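With mmCIF, C-alpha atoms inside, this is coords_6.cif:
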```cif
data_final
#
loop_
_atom_site.label_atom_id
_atom_site.label_comp_id
_atom_site.auth_asym_id
_atom_site.auth_seq_id
_atom_site.Cartn_x
_atom_site.Cartn_y
_atom_site.Cartn_z
CA MET A 1 1.45 -5.57 -27.51
CA LEU A 2 -0.71 -2.86 -29.00
CA ASP A 3 -0.80 -2.30 -32.75
CA SER A 4 0.50 1.19 -33.48
CA CYS A 5 -1.37 1.53 -36.78
CA ASP A 6 -4.65 0.56 -35.15
CA ILE A 7 -4.04 2.97 -32.26
CA GLU A 8 -3.23 5.79 -34.67
CA GLN A 9 -6.44 5.32 -36.65
CA ARG A 10 -8.64 5.05 -33.59
CA LEU A 11 -6.97 8.02 -31.88
CA ALA A 12 -7.56 10.17 -34.98
CA ARG A 13 -11.26 9.29 -34.89
CA TYR A 14 -11.47 9.98 -31.16
CA LEU A 15 -9.79 13.39 -31.43
CA CYS A 16 -11.42 14.27 -34.74
CA ALA A 17 -8.03 15.30 -36.06
CA PRO A 18 -5.41 13.76 -38.37
CA ILE A 19 -2.33 12.31 -36.67
CA ALA A 20 0.98 13.61 -38.04
CA ARG A 21 3.03 10.85 -36.40
CA LEU A 22 2.73 8.25 -33.67
CA ASN A 23 5.38 5.92 -32.28
CA VAL A 24 5.98 3.83 -29.15
CA LEU A 25 7.89 5.83 -26.56
CA ALA A 26 8.07 3.21 -23.80
CA SER A 27 6.48 -0.02 -22.67
CA GLY A 28 6.26 -0.67 -18.95
CA TRP A 29 4.79 -3.10 -16.46
CA GLU A 30 1.27 -1.71 -16.79
CA THR A 31 1.18 0.73 -19.70
CA THR A 32 2.27 1.31 -23.25
CA VAL A 33 3.28 4.93 -23.87
CA PHE A 34 3.12 6.54 -27.31
CA GLU A 35 4.40 9.88 -28.55
CA PHE A 36 2.25 11.60 -31.17
CA SER A 37 1.45 14.95 -32.71
CA LEU A 38 -1.56 16.31 -34.58
CA GLN A 39 -1.50 17.70 -38.11
CA SER A 40 -4.27 20.14 -37.25
CA ALA A 41 -6.31 21.16 -34.24
CA SER A 42 -8.63 18.66 -32.64
CA LYS A 43 -12.32 19.43 -33.05
CA SER A 44 -13.15 17.53 -29.87
CA PHE A 45 -10.29 18.68 -27.61
CA THR A 46 -9.35 22.20 -28.60
CA ALA A 47 -6.81 22.57 -25.79
CA ILE A 48 -4.51 19.96 -27.36
CA PRO A 49 -1.99 21.94 -29.46
CA ALA A 50 -1.41 20.84 -33.04
CA GLY A 51 2.16 20.20 -34.18
CA GLN A 52 3.51 19.62 -30.67
CA SER A 53 4.62 16.32 -29.17
CA MET A 54 2.01 14.74 -26.92
CA VAL A 55 2.03 11.58 -24.84
CA LEU A 56 -0.62 8.88 -25.05
CA ARG A 57 -0.51 6.57 -22.01
CA VAL A 58 -2.57 3.39 -22.52
CA TYR A 59 -3.33 1.40 -19.36
CA GLN A 60 -3.14 -2.38 -19.47
CA GLY A 61 -3.37 -5.21 -16.97
CA SER A 62 -6.14 -6.40 -14.67
CA GLU A 63 -6.37 -3.07 -12.80
CA ALA A 64 -6.16 -0.78 -15.83
CA ASP A 65 -9.47 1.00 -15.21
CA ALA A 66 -8.77 1.82 -11.58
CA LYS A 67 -5.16 2.84 -12.25
CA GLY A 68 -6.03 5.10 -15.16
CA THR A 69 -8.75 6.92 -13.26
CA ARG A 70 -6.58 7.24 -10.18
CA GLU A 71 -3.56 8.58 -12.07
CA TYR A 72 -5.58 11.13 -14.02
CA THR A 73 -7.17 12.49 -10.85
CA THR A 74 -3.78 12.71 -9.15
CA ILE A 75 -1.96 14.40 -12.03
CA ALA A 76 -4.80 16.86 -12.65
CA SER A 77 -4.81 17.84 -8.96
CA LEU A 78 -1.02 18.22 -8.77
CA PHE A 79 -0.86 20.21 -12.01
CA SER A 80 -3.46 22.63 -10.68
CA ALA A 81 -1.42 22.93 -7.47
CA GLY A 82 1.69 23.89 -9.47
CA TYR A 83 3.69 20.72 -8.86
CA CYS A 84 6.00 19.49 -11.66
CA VAL A 85 3.82 16.98 -13.52
CA PRO A 86 2.86 16.84 -17.20
CA ARG A 87 -0.27 18.77 -18.09
CA PRO A 88 -3.16 16.34 -18.60
CA TYR A 89 -5.35 17.08 -21.60
CA ALA A 90 -7.83 14.21 -21.71
CA PHE A 91 -8.66 10.93 -19.98
CA GLU A 92 -10.93 8.30 -21.47
CA ALA A 93 -12.18 5.36 -19.39
CA ASP A 94 -14.41 3.90 -22.12
CA HIS A 95 -12.66 0.93 -23.76
CA ARG A 96 -14.54 1.46 -27.02
CA ALA A 97 -12.24 4.30 -28.05
CA LEU A 98 -8.85 2.52 -28.06
CA GLY A 99 -9.62 -0.83 -26.46
CA ALA A 100 -8.31 0.28 -23.04
CA PRO A 101 -8.41 3.38 -20.82
CA PHE A 102 -5.92 6.08 -21.79
CA LEU A 103 -4.54 9.46 -20.81
CA ILE A 104 -3.34 12.20 -23.16
CA MET A 105 -0.83 14.57 -21.60
CA GLN A 106 2.03 16.94 -22.25
CA ARG A 107 5.35 15.57 -23.57
CA LEU A 108 7.91 16.74 -21.04
CA ALA A 109 11.27 18.14 -22.09
CA GLY A 110 14.39 16.04 -21.56
CA GLY A 111 14.46 12.41 -20.59
CA PRO A 112 14.51 10.17 -17.52
CA LEU A 113 17.16 10.74 -14.86
CA PHE A 114 18.50 7.27 -15.57
CA THR A 115 19.41 6.58 -19.18
CA ILE A 116 20.90 3.36 -20.52
CA SER A 117 22.43 4.85 -23.67
CA SER A 118 25.98 4.55 -22.32
CA PHE A 119 27.78 4.46 -19.00
CA PRO A 120 29.38 7.96 -19.36
CA ASN A 121 26.10 9.57 -20.44
CA SER A 122 24.16 7.86 -17.68
CA LEU A 123 26.64 8.89 -15.02
CA LYS A 124 26.70 12.47 -16.29
CA THR A 125 22.90 12.83 -16.42
CA PHE A 126 22.43 11.17 -13.04
CA SER A 127 25.14 13.21 -11.34
CA MET A 128 23.98 16.55 -12.75
CA ALA A 129 20.31 16.19 -11.83
CA PHE A 130 20.40 13.99 -8.71
CA PHE A 131 20.11 17.00 -6.38
CA SER A 132 17.01 18.20 -8.26
CA PHE A 133 15.61 14.65 -8.19
CA VAL A 134 15.72 14.62 -4.38
CA ARG A 135 14.49 18.20 -4.09
CA ALA A 136 11.39 17.47 -6.20
CA GLN A 137 10.44 14.62 -3.88
CA ALA A 138 10.98 16.74 -0.77
CA LYS A 139 8.79 19.44 -2.34
CA LEU A 140 6.03 16.89 -2.91
CA HIS A 141 6.15 15.86 0.73
CA LYS A 142 5.72 19.47 1.84
CA LEU A 143 2.40 19.87 -0.02
CA ASP A 144 -0.65 19.78 2.25
CA PRO A 145 -2.84 16.80 1.27
CA ALA A 146 -5.75 18.36 3.18
CA SER A 147 -5.75 21.50 1.02
CA ALA A 148 -8.76 22.15 -1.19
CA GLY A 149 -7.11 21.13 -4.46
CA LEU A 150 -5.41 18.00 -3.19
CA ARG A 151 -7.76 16.33 -0.74
CA GLU A 152 -9.48 14.32 -3.49
CA ILE A 153 -6.32 12.48 -4.54
CA PRO A 154 -7.21 8.76 -4.40
CA ARG A 155 -5.53 6.15 -2.21
CA ALA A 156 -3.73 3.39 -4.12
CA TYR A 157 -3.12 1.00 -1.22
CA VAL A 158 -6.52 -0.41 -0.37
CA PRO A 159 -6.25 -3.95 1.05
CA ILE A 160 -8.60 -6.78 0.11
CA ALA A 161 -11.77 -6.84 2.19
CA GLY A 162 -11.23 -8.73 5.43
CA ALA A 163 -7.45 -8.26 5.34
CA GLY A 164 -7.39 -6.29 8.57
CA ALA A 165 -7.47 -2.69 7.34
CA ASP A 166 -9.64 -0.43 5.22
CA ALA A 167 -9.22 2.67 3.07
CA GLY A 168 -9.51 4.91 6.13
CA SER A 169 -6.70 3.22 8.05
CA PRO A 170 -3.21 4.74 8.29
CA LEU A 171 -1.09 3.87 5.25
CA LEU A 172 1.25 1.70 7.34
CA ASP A 173 -1.64 -0.53 8.42
CA ARG A 174 -2.93 -0.80 4.86
CA VAL A 175 0.51 -1.73 3.53
CA LEU A 176 1.09 -4.33 6.24
CA ALA A 177 -2.33 -5.83 5.51
CA ILE A 178 -1.46 -6.12 1.82
CA ILE A 179 1.86 -7.82 2.61
CA ALA A 180 0.17 -10.21 5.05
CA ASN A 181 -2.46 -11.13 2.47
CA ARG A 182 0.21 -11.88 -0.11
CA VAL A 183 2.25 -13.94 2.34
CA GLU A 184 -0.78 -16.13 3.10
CA THR A 185 -2.28 -16.40 -0.38
CA GLY A 186 1.01 -16.74 -2.27
CA PRO A 187 1.95 -18.50 -0.14
CA LEU A 188 5.24 -16.74 0.54
CA PRO A 189 6.55 -18.45 3.68
CA GLY A 190 10.01 -16.95 3.21
CA LEU A 191 8.61 -13.53 4.16
CA ARG A 192 6.55 -14.57 7.18
CA GLU A 193 9.19 -14.15 9.89
CA ALA A 194 10.25 -10.73 8.65
CA LEU A 195 6.61 -9.62 8.39
CA ASN A 196 5.95 -10.73 11.96
CA LEU A 197 8.91 -8.71 13.19
CA VAL A 198 7.83 -5.49 11.49
CA ALA A 199 4.16 -6.00 12.43
CA GLU A 200 5.11 -6.30 16.10
CA ARG A 201 6.70 -2.83 15.97
CA ALA A 202 3.96 -1.14 13.94
CA SER A 203 2.29 0.59 16.90
CA ARG A 204 5.40 2.75 17.41
CA PHE A 205 5.29 4.11 13.87
CA ARG A 206 1.59 4.01 12.95
CA TYR A 207 0.80 7.70 13.28
CA SER A 208 2.61 10.60 11.67
CA PRO A 209 1.75 13.82 9.82
CA ASN A 210 0.26 13.05 6.42
CA SER A 211 2.09 13.88 3.20
CA LEU A 212 1.42 13.24 -0.46
CA LEU A 213 3.40 10.18 -1.54
CA HIS A 214 4.41 8.93 -4.97
CA MET A 215 5.41 5.43 -3.74
CA ASP A 216 7.31 4.63 -6.92
CA TYR A 217 9.70 7.58 -7.01
CA HIS A 218 12.82 6.48 -8.84
CA PRO A 219 15.12 7.69 -11.64
CA LEU A 220 13.01 6.31 -14.49
CA ASN A 221 9.95 8.21 -13.27
CA VAL A 222 11.61 11.61 -13.05
CA MET A 223 12.26 13.54 -16.25
CA VAL A 224 15.20 15.93 -16.36
CA ALA A 225 16.85 18.40 -18.72
CA GLY A 226 20.34 19.31 -17.59
CA LEU A 227 20.15 20.25 -13.91
CA ARG A 228 16.39 20.72 -13.92
CA VAL A 229 13.54 18.30 -13.19
CA THR A 230 10.93 18.87 -15.90
CA GLY A 231 8.33 16.57 -14.39
CA VAL A 232 7.47 13.48 -12.38
CA ILE A 233 5.46 10.71 -14.05
CA ASP A 234 3.76 7.40 -13.18
CA TRP A 235 1.41 8.24 -10.32
CA VAL A 236 -0.65 5.04 -10.15
CA ASN A 237 0.72 4.21 -6.68
CA ALA A 238 0.15 7.66 -5.16
CA ASP A 239 -1.26 7.76 -1.65
CA VAL A 240 -1.33 9.83 1.53
CA GLY A 241 0.62 8.91 4.64
CA ASP A 242 4.01 8.94 6.32
CA ARG A 243 6.60 10.50 4.01
CA HIS A 244 9.21 8.16 5.50
CA LEU A 245 7.51 5.31 3.62
CA ASP A 246 7.90 7.13 0.31
CA ALA A 247 11.54 7.99 0.98
CA ALA A 248 12.13 4.40 2.12
CA MET A 249 10.64 3.03 -1.10
CA THR A 250 12.97 5.26 -3.12
CA SER A 251 15.90 3.99 -1.05
CA VAL A 252 14.80 0.38 -1.68
CA ILE A 253 14.55 0.90 -5.44
CA LEU A 254 17.89 2.72 -5.68
CA SER A 255 19.54 -0.11 -3.74
CA SER A 256 18.00 -3.09 -5.51
CA SER A 257 17.12 -2.26 -9.12
CA ALA A 258 19.20 -4.24 -11.61
CA LEU A 259 18.92 -4.71 -15.37
CA GLU A 260 20.24 -7.49 -17.56
CA ASN A 261 21.05 -4.90 -20.22
CA PRO A 262 23.19 -2.89 -20.10
CA ARG A 263 25.70 -5.12 -18.34
CA TRP A 264 26.96 -2.37 -16.03
CA VAL A 265 23.63 -2.26 -14.15
CA ARG A 266 23.63 -5.98 -13.33
CA ASP A 267 24.37 -7.55 -9.95
CA ASN A 268 28.12 -7.12 -10.43
CA ILE A 269 30.96 -4.95 -9.09
CA VAL A 270 30.10 -1.91 -11.24
CA GLY A 271 26.34 -2.14 -10.81
CA ASN A 272 26.52 -2.73 -7.06
CA SER A 273 28.96 0.16 -6.63
CA LEU A 274 26.64 2.51 -8.50
CA ARG A 275 23.63 1.41 -6.47
CA ALA A 276 25.53 1.82 -3.20
CA THR A 277 26.83 5.25 -4.22
CA PHE A 278 23.49 6.76 -5.22
CA ALA A 279 21.55 5.13 -2.38
CA GLY A 280 24.21 6.49 -0.02
CA LEU A 281 23.89 10.01 -1.46
CA TYR A 282 20.10 9.97 -1.40
CA LEU A 283 19.58 9.81 2.36
CA PRO A 284 21.78 12.76 3.44
CA LEU A 285 20.42 14.91 0.61
CA TYR A 286 16.81 14.15 1.49
CA HIS A 287 17.51 14.65 5.20
CA ALA A 288 19.06 18.06 4.49
CA MET A 289 15.89 19.13 2.66
CA ALA A 290 13.30 17.41 4.87
CA PRO A 291 14.75 16.20 8.19
CA ILE A 292 13.84 12.62 8.98
CA ASP A 293 13.48 10.42 12.03
CA PHE A 294 16.19 7.83 11.36
CA GLU A 295 14.61 5.11 13.49
CA ARG A 296 11.32 5.54 11.66
CA PHE A 297 13.10 5.62 8.32
CA ARG A 298 14.95 2.35 9.00
CA TYR A 299 11.69 0.71 10.01
CA CYS A 300 9.99 1.97 6.84
CA GLN A 301 12.86 0.61 4.74
CA ALA A 302 12.02 -2.89 6.02
CA VAL A 303 8.31 -2.39 5.31
CA ALA A 304 8.95 -0.99 1.81
CA ALA A 305 11.33 -3.84 0.96
CA LEU A 306 8.77 -6.45 2.07
CA LEU A 307 6.01 -4.71 0.12
CA ARG A 308 8.06 -4.77 -3.06
CA LEU A 309 9.37 -8.29 -2.49
CA SER A 310 5.87 -9.62 -1.79
CA MET A 311 4.73 -8.11 -5.09
CA LEU A 312 7.54 -9.89 -6.95
CA GLY A 313 6.73 -13.09 -5.08
CA MET A 314 3.10 -12.98 -6.22
CA MET A 315 4.23 -12.33 -9.79
CA ARG A 316 6.50 -15.37 -9.68
CA ALA A 317 3.92 -17.60 -8.02
CA HIS A 318 0.78 -16.61 -9.93
CA GLY A 319 1.79 -14.31 -12.77
CA PRO A 320 1.88 -10.51 -13.03
CA GLU A 321 -1.87 -10.24 -13.66
CA VAL A 322 -2.64 -11.07 -10.03
CA VAL A 323 -1.03 -7.81 -8.89
CA GLY A 324 -2.39 -5.74 -11.78
CA PHE A 325 0.46 -5.86 -14.30
CA ARG A 326 0.72 -7.00 -17.90
CA ARG A 327 1.76 -10.60 -18.55
CA GLU A 328 5.05 -9.44 -20.09
CA ALA A 329 6.11 -7.82 -16.81
CA ILE A 330 7.33 -11.21 -15.56
CA HIS A 331 10.48 -10.70 -17.63
CA GLU A 332 11.46 -7.84 -15.27
CA VAL A 333 11.44 -10.14 -12.23
CA THR A 334 14.98 -11.36 -12.79
CA PRO A 335 17.04 -13.49 -10.38
CA ALA A 336 19.34 -10.50 -9.81
CA VAL A 337 16.48 -8.21 -8.74
CA VAL A 338 15.04 -10.84 -6.40
CA ARG A 339 18.49 -11.58 -4.97
CA LEU A 340 19.36 -7.92 -4.31
CA LEU A 341 15.97 -7.15 -2.82
CA SER A 342 16.03 -10.25 -0.61
CA ARG A 343 19.42 -9.24 0.78
CA TYR A 344 18.16 -5.73 1.43
CA ALA A 345 14.99 -6.94 3.17
CA THR A 346 17.04 -9.32 5.32
CA ARG A 347 19.35 -6.51 6.45
CA LYS A 348 16.54 -4.08 7.25
CA SER A 349 14.08 -6.48 8.89
CA GLY A 350 16.56 -8.59 10.89
CA ALA A 351 15.11 -11.88 9.60
CA ALA A 352 16.22 -14.13 6.75
CA VAL A 353 14.09 -13.42 3.68
CA GLY A 354 13.69 -15.44 0.48
CA LEU A 355 11.36 -16.29 -2.39
CA ASP A 356 11.25 -19.93 -3.40
CA ALA A 357 8.39 -20.01 -5.89
CA PRO A 358 9.48 -20.67 -9.52
CA ALA A 359 8.77 -18.02 -12.08
CA PRO A 360 5.88 -18.93 -14.45
CA GLN A 361 6.51 -18.68 -18.17
CA PRO A 362 4.29 -16.23 -20.08
CA ALA A 363 1.95 -17.83 -22.58
#
```

When written as C-alpha cells, how does the structure in this file appear?
Amino acid sequence: MLDSCDIEQRLARYLCAPIARLNVLASGWETTVFEFSLQSASKSFTAIPAGQSMVLRVYQGSEADAKGTREYTTIASLFSAGYCVPRPYAFEADHRALGAPFLIMQRLAGGPLFTISSFPNSLKTFSMAFFSFVRAQAKLHKLDPASAGLREIPRAYVPIAGAGADAGSPLLDRVLAIIANRVETGPLPGLREALNLVAERASRFRYSPNSLLHMDYHPLNVMVAGLRVTGVIDWVNADVGDRHLDAAMTSVILSSSALENPRWVRDNIVGNSLRATFAGLYLPLYHAMAPIDFERFRYCQAVAALLRLSMLGMMRAHGPEVVGFRREAIHEVTPAVVRLLSRYATRKSGAAVGLDAPAPQPA
C-alpha cells in the first residue's frame, strides 16, 4: 500500500503547490485512488483549480506504465469528444515523481451506481440511475471510433506474440487468442472444451461495425448523482470492436459479481435475486436504446465469461501480477465469484466449465 504522507509531500513538490488535504478514496485491483485539493494555485499546472476536490489515480501492478498511458489517452480523447468522463489535468509516466505513473483528473459529483452503505440506499441509488447507466453505455457505442478525435484511442487487448492474432485483428480474434494462451499456459484445462466450442463458431461473428468499448462497464465504474450519470471511470480495458462484446461483458459482471461484505451481495438468496433482477433489466433496456442481434449477443456472453474466468484462473494459478494486477487483488477472487462465473460460462458456452487451481497466498 502507498504511504499517504509520502504521496502528499511528493505531489506538492511535483505540482509546486501546497496540498490542503489528501486521503485515500479507493483501492482497486490495479490502482490506488486519492482525493486531494490544493491550498493555492499550482505553478506547474495552472489549469488545476485550487480549493476544489481532485482525483489522483496511481497505477500499480506489472502493467502500470502501459495502463496509465492508455487510460490517459482514452479519457483525454473522450473528454474532448464531449463524452461523460472526468476532465484529465495531468498524466505523469516518470516514476521519479511519485514512484509510479499517475493521472490527475476531475473529482466527479455523486458516487458509484452501486454503493454498499446499506441495502435500502443501494437499492434506491441503483434503481434511480439504472436507466441512465444503460443509456451512457449505448451513447458510447454510438460514437464513431474512426472520427478525428477518437481514432487514436489505444487497443487494450493485444495478445502475446505468436498467440494467433495481432493488434490489427478483429477484437473477437484477439480476445480468443488471449483466452487460448491462458488456457495453455495456466494451464486451465477446465476451460478448454468451452473455448473450443466458441472458437469453432467465431467465423460467424468475427466481423461487425466497430464501436468504442469500455470492456469493464459495471456499476462501480459509473458515477451517478440522483438520476444522472456524472461520469464513467476506469478505462484501462478500452478497445474498439463489436459492441455486443462490451454489452456481454456488462451482462457477465452484473450476473456474477459477489462480495463477502456486505452479506446481501454474497452468493445467497438475496444476492442472487438482485443479480438476476438487474441483469434481467439490463438487456431489454440496452436493446431498446441500441438494438442487438440476440444470437450474436448470446455468443459474446460465452466469450466474455471465458475471458473473465480465464483471468481469474491465471490469478489463482500464478498470482495477480501475471495479468497485470496488484498482489492484493487475489483477495477479490473469492470462491463465490468463481462459482457464479463458472455456472454462467457453463450455461452460455454449452460445456462444463471449472477452475481447479488453488489460490496462492499473497506474501

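Take CA of Leu341 (chain A) and CA of Val134 (chain A): the distance between them is 21.8 Å.
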
Residues within 9 Å of region 53-55 of chain A, only C-alpha atoms, excluding chain neighbours under 4 positions, as a PyMOL selection string:
chain A and resi 25+33-38+48-49+103-108

Distance query Asp3 (chain A) at most 12 Å, only C-alpha atoms, self and fewer than 3 positions along chain excluded, as an MDAnalysis selection string:
chainID A and resid 6:10 22:24 32 34 58 98:99

Could you take the residues named above and write them with C-alpha atoms, as a short mmCIF file (atom, residue, chain, number, x, y, z; two decimals), in the coordinates of the input?
```cif
data_model
loop_
_atom_site.label_atom_id
_atom_site.label_comp_id
_atom_site.auth_asym_id
_atom_site.auth_seq_id
_atom_site.Cartn_x
_atom_site.Cartn_y
_atom_site.Cartn_z
CA ASP A 6 -4.65 0.56 -35.15
CA ILE A 7 -4.04 2.97 -32.26
CA GLU A 8 -3.23 5.79 -34.67
CA GLN A 9 -6.44 5.32 -36.65
CA ARG A 10 -8.64 5.05 -33.59
CA LEU A 22 2.73 8.25 -33.67
CA ASN A 23 5.38 5.92 -32.28
CA VAL A 24 5.98 3.83 -29.15
CA THR A 32 2.27 1.31 -23.25
CA PHE A 34 3.12 6.54 -27.31
CA VAL A 58 -2.57 3.39 -22.52
CA LEU A 98 -8.85 2.52 -28.06
CA GLY A 99 -9.62 -0.83 -26.46
#
```

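Going from CA of Ile160 (chain A) to CA of Ala177 (chain A) covers 8.3 Å.
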
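Among A:Pro88, A:Ser122, A:Gln39, A:Gln60, the residue with the shortest atom-to-atom distance to Trp264 (chain A), counting all atoms listed in the file, is A:Ser122.
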
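Between CA of Ile178 (chain A) and CA of Ala202 (chain A) there is a distance of 14.2 Å.
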
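The shortest atom-to-atom distance to Trp235 (chain A), with all atoms listed in the file taken into account, belongs to A:Asn221 out of A:Asn181, A:Thr115, A:Ser256, A:Asn221.
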
Taking the file above as input, evaluate the PyMOL selection byres ((chain A and resi 237) around 9) and report the hits as JSON, numbers by chain.
{"A": [67, 70, 71, 155, 156, 157, 213, 214, 215, 216, 234, 235, 236, 238, 239]}

Could you list, as a ChimeraX atom specification, every residue matched by the PyMOL selection byres ((chain A and resi 279) around 10) in this structure?
/A:250-256,273-278,280-284

Measuring between only C-alpha atoms, which one of A:Ala20, A:Ala109, A:Leu195, A:Ala81 shows the shortest distance to Val229 (chain A)?
A:Ala109

Residues in the PyMOL selection byres ((chain A and resi 327) around 10), expressed as an MDAnalysis selection string
chainID A and resid 29:30 60:62 315 319:322 324:326 328:331 361:363

Any chance you could tabulate, as JSON lines, the residues of region 51-159 of chain A at most 12 Å from region 240-244 of chain A with each one's nearest atom pair and distance in Å to one decimal, using all atoms listed in the file, in chain and rising number order?
```
{"residue": "A:Thr74", "atom": "CA", "partner": "A:Val240", "partner_atom": "CA", "distance": 11.3}
{"residue": "A:Gln137", "atom": "CA", "partner": "A:Arg243", "partner_atom": "CA", "distance": 9.7}
{"residue": "A:Ala138", "atom": "CA", "partner": "A:Arg243", "partner_atom": "CA", "distance": 9.0}
{"residue": "A:Lys139", "atom": "CA", "partner": "A:Arg243", "partner_atom": "CA", "distance": 11.2}
{"residue": "A:Leu140", "atom": "CA", "partner": "A:Arg243", "partner_atom": "CA", "distance": 9.4}
{"residue": "A:His141", "atom": "CA", "partner": "A:Arg243", "partner_atom": "CA", "distance": 6.3}
{"residue": "A:Lys142", "atom": "CA", "partner": "A:Arg243", "partner_atom": "CA", "distance": 9.3}
{"residue": "A:Leu143", "atom": "CA", "partner": "A:Val240", "partner_atom": "CA", "distance": 10.8}
{"residue": "A:Asp144", "atom": "CA", "partner": "A:Val240", "partner_atom": "CA", "distance": 10.0}
{"residue": "A:Pro145", "atom": "CA", "partner": "A:Val240", "partner_atom": "CA", "distance": 7.1}
{"residue": "A:Ala146", "atom": "CA", "partner": "A:Val240", "partner_atom": "CA", "distance": 9.7}
{"residue": "A:Leu150", "atom": "CA", "partner": "A:Val240", "partner_atom": "CA", "distance": 10.3}
{"residue": "A:Arg151", "atom": "CA", "partner": "A:Val240", "partner_atom": "CA", "distance": 9.4}
{"residue": "A:Glu152", "atom": "CA", "partner": "A:Val240", "partner_atom": "CA", "distance": 10.6}
{"residue": "A:Ile153", "atom": "CA", "partner": "A:Val240", "partner_atom": "CA", "distance": 8.3}
{"residue": "A:Pro154", "atom": "CA", "partner": "A:Val240", "partner_atom": "CA", "distance": 8.4}
{"residue": "A:Arg155", "atom": "CA", "partner": "A:Val240", "partner_atom": "CA", "distance": 6.7}
{"residue": "A:Ala156", "atom": "CA", "partner": "A:Val240", "partner_atom": "CA", "distance": 8.9}
{"residue": "A:Tyr157", "atom": "CA", "partner": "A:Val240", "partner_atom": "CA", "distance": 9.4}
{"residue": "A:Val158", "atom": "CA", "partner": "A:Val240", "partner_atom": "CA", "distance": 11.6}
```

In terms of all atoms listed in the file, the residue from A:Phe79, A:Tyr207, A:Phe114, A:Tyr59 at minimal distance from Leu2 (chain A) is A:Tyr59

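Summary of the local environment: counting all atoms listed in the file, residues at most 12 Å from Arg263 (chain A), other than itself and those fewer than 6 positions away along its chain, are A:Ile116, A:Ser117, A:Ser118, A:Phe119, A:Ile269, A:Val270, A:Gly271, A:Asn272, A:Ala336.
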
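Comparing A:Ala17, A:Leu123, A:Leu340, A:Leu307 by their smallest distance to Ala180 (chain A), the closest is A:Leu307 (using only C-alpha atoms).
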
Calculate, to one decimal in Å, the centre and edge lengths of the box along x, y and z of the file that holds all listed atoms of region 143-152 of chain A with 6 Å of margin on each side, and present them as JSON.
```
{"center_x": -3.5, "center_y": 18.2, "center_z": -0.6, "size_x": 23.9, "size_y": 19.8, "size_z": 19.6}
```

Taking into account all atoms listed in the file, which residue in the set A:Pro187, A:Ala288, A:Arg298, A:Ile75 is nearest to Ala317 (chain A)?
A:Pro187
